[in-house]
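**Student:** Handing you this structure, nothing more for now.
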Amino acid sequence: MAETTRDIINKYRNRLADASSLSPPEASQYIVELASYMGNITELLIEKQMIYNKKKSECLDEVKSVAKADVKAQCSEEYKEWQEVKGYLALIIELIRACKYYVRASEDEQSFSKHT
């Protein structure tokens, strides 16, 4: 069975949850991996947004009111999936930021320890 986007992102989240066991080279590797995976997520986001836009258009054809069509479309599975992918992208960005911060802090700590 192929891994889902959720599975892959959860693996990274779980690996990075315990930063005390993480070395700076590992964190740097995760930055590269996450950055490359971010491209896939961006493509998936565009795909899900287009599917949602079609659903929204269908809703507009049904109810003839933009406000009602928006509400109806936002109750759909297509909207949920689009929002999930947006969340994945935001999570990847935060994981990358956290790894960068961890690497910088580790470098600062090593630099400081050399001078003491």
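How things are named: the first chain in the structure tokens is A, the next is B, and so on; residues count from 1 in each chain; ligands count from 1 in the order shown.
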Using only C-alpha atoms, determine which residues lie at most 12 Å from Asn10 in chain A, disregarding the query and same-chain residues fewer than 3 positions distant; provide the list as a list of chain:residue names.
**Tutor:**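 Near neighbours after the sequence-gap exclusion: A:Glu3, A:Thr4, A:Thr5, A:Arg6, A:Asp7, A:Arg13, A:Asn14, A:Arg15, A:Leu16, A:Ala17, A:Leu34, A:Tyr88, A:Leu91, A:Ile92, A:Leu95.
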**Student:** Can you pull out the residues contacting Lys100 in chain A? Cut-off 10 Å, using only C-alpha atoms, and skip same-chain residues under 4 positions away; I want them as a list in words.
**Tutor:**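 What passes the distance filter is Pro24, Ala27, Ser28, Tyr30, Ile31, Glu94, Leu95, Ile96, Arg104, Ala105 and Ser106 of chain A.
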**Student:** Distance CA of Ile8 in chain A-CA of Gly39 in chain A, one decimal place?
**Tutor:**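 Result for CA of Ile8 in chain A versus CA of Gly39 in chain A: 13.9 Å, one decimal.
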**Student:** Which distance in Å separates CA of Ile46 in chain A and CA of Tyr79 in chain A, to one decimal?
**Tutor:**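 According to the coordinates, CA of Ile46 in chain A and CA of Tyr79 in chain A are separated by 12.5 Å.
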**Student:** Do a neighbour search on Lys55 in chain A at 10 Å with only C-alpha atoms, toss out local chain neighbours closer than 2 positions, and write the hits as a list in words.
**Tutor:** Gln49, Met50, Ile51, Tyr52, Asn53, Ser57, Glu58, Cys59, Leu60, Asp61, Ala69, Asp70, Lys72, Ala73, Gln74, Ser76, Glu77, Glu78 and Tyr79 of chain A
**Student:** Keeping only N, CA and C atoms, write the selected residues to a file as a JSON list (two decimals), in the first residue's frame.
**Tutor:**
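The new file selection_25.json reads:
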[["chain", "number", "residue", "atom", "x", "y", "z"],
["A", 49, "GLN", "N", -7.28, 22.41, -5.13],
["A", 49, "GLN", "CA", -7.98, 23.69, -5.26],
["A", 49, "GLN", "C", -8.82, 23.70, -6.54],
["A", 50, "MET", "N", -8.30, 23.15, -7.61],
["A", 50, "MET", "CA", -9.06, 23.11, -8.86],
["A", 50, "MET", "C", -10.29, 22.21, -8.71],
["A", 51, "ILE", "N", -10.15, 21.10, -8.02],
["A", 51, "ILE", "CA", -11.29, 20.21, -7.79],
["A", 51, "ILE", "C", -12.34, 20.93, -6.95],
["A", 52, "TYR", "N", -11.88, 21.64, -5.94],
["A", 52, "TYR", "CA", -12.81, 22.41, -5.10],
["A", 52, "TYR", "C", -13.50, 23.51, -5.92],
["A", 53, "ASN", "N", -12.75, 24.19, -6.77],
["A", 53, "ASN", "CA", -13.34, 25.25, -7.59],
["A", 53, "ASN", "C", -14.45, 24.69, -8.49],
["A", 57, "SER", "N", -18.37, 25.73, -8.41],
["A", 57, "SER", "CA", -19.09, 26.11, -9.62],
["A", 57, "SER", "C", -20.38, 25.30, -9.75],
["A", 58, "GLU", "N", -20.30, 24.01, -9.45],
["A", 58, "GLU", "CA", -21.50, 23.16, -9.48],
["A", 58, "GLU", "C", -22.53, 23.66, -8.48],
["A", 59, "CYS", "N", -22.07, 24.02, -7.31],
["A", 59, "CYS", "CA", -22.99, 24.54, -6.28],
["A", 59, "CYS", "C", -23.65, 25.83, -6.73],
["A", 60, "LEU", "N", -22.88, 26.67, -7.39],
["A", 60, "LEU", "CA", -23.43, 27.94, -7.88],
["A", 60, "LEU", "C", -24.50, 27.68, -8.95],
["A", 61, "ASP", "N", -24.26, 26.68, -9.81],
["A", 61, "ASP", "CA", -25.27, 26.33, -10.82],
["A", 61, "ASP", "C", -26.56, 25.85, -10.16],
["A", 69, "ALA", "N", -23.87, 29.22, -2.40],
["A", 69, "ALA", "CA", -22.98, 28.28, -3.08],
["A", 69, "ALA", "C", -21.68, 28.14, -2.29],
["A", 70, "ASP", "N", -21.16, 29.25, -1.76],
["A", 70, "ASP", "CA", -19.94, 29.20, -0.94],
["A", 70, "ASP", "C", -20.13, 28.32, 0.28],
["A", 72, "LYS", "N", -22.42, 25.98, 0.79],
["A", 72, "LYS", "CA", -22.62, 24.58, 0.38],
["A", 72, "LYS", "C", -21.31, 23.94, -0.04],
["A", 73, "ALA", "N", -20.49, 24.64, -0.80],
["A", 73, "ALA", "CA", -19.21, 24.10, -1.25],
["A", 73, "ALA", "C", -18.26, 23.87, -0.08],
["A", 74, "GLN", "N", -18.32, 24.75, 0.91],
["A", 74, "GLN", "CA", -17.44, 24.61, 2.07],
["A", 74, "GLN", "C", -17.85, 23.45, 2.98],
["A", 76, "SER", "N", -18.38, 20.53, 1.63],
["A", 76, "SER", "CA", -18.10, 19.37, 0.79],
["A", 76, "SER", "C", -16.77, 18.69, 1.16],
["A", 77, "GLU", "N", -16.63, 17.48, 0.72],
["A", 77, "GLU", "CA", -15.39, 16.72, 0.91],
["A", 77, "GLU", "C", -14.24, 17.37, 0.14],
["A", 78, "GLU", "N", -14.55, 17.96, -1.01],
["A", 78, "GLU", "CA", -13.53, 18.64, -1.83],
["A", 78, "GLU", "C", -12.89, 19.79, -1.06],
["A", 79, "TYR", "N", -13.71, 20.54, -0.35],
["A", 79, "TYR", "CA", -13.19, 21.65, 0.45],
["A", 79, "TYR", "C", -12.31, 21.12, 1.59]]
**Student:** By how many Å are CA of Val63 in chain A and CA of Glu47 in chain A apart?
**Tutor:**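 Spanning CA of Val63 in chain A to CA of Glu47 in chain A is a straight-line distance of 24.8 Å.
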**Student:** So, counting only C-alpha atoms, which residue among A:Val103, A:Lys54, A:Leu44, A:Lys68 is closest to Leu89 in chain A?
**Tutor:** A:Leu44
**Student:** From the list A:Glu33, A:Glu26, A:Glu43, A:Asp18, which residue is nearest Trp82 in chain A when using only C-alpha atoms?
**Tutor:** A:Glu43
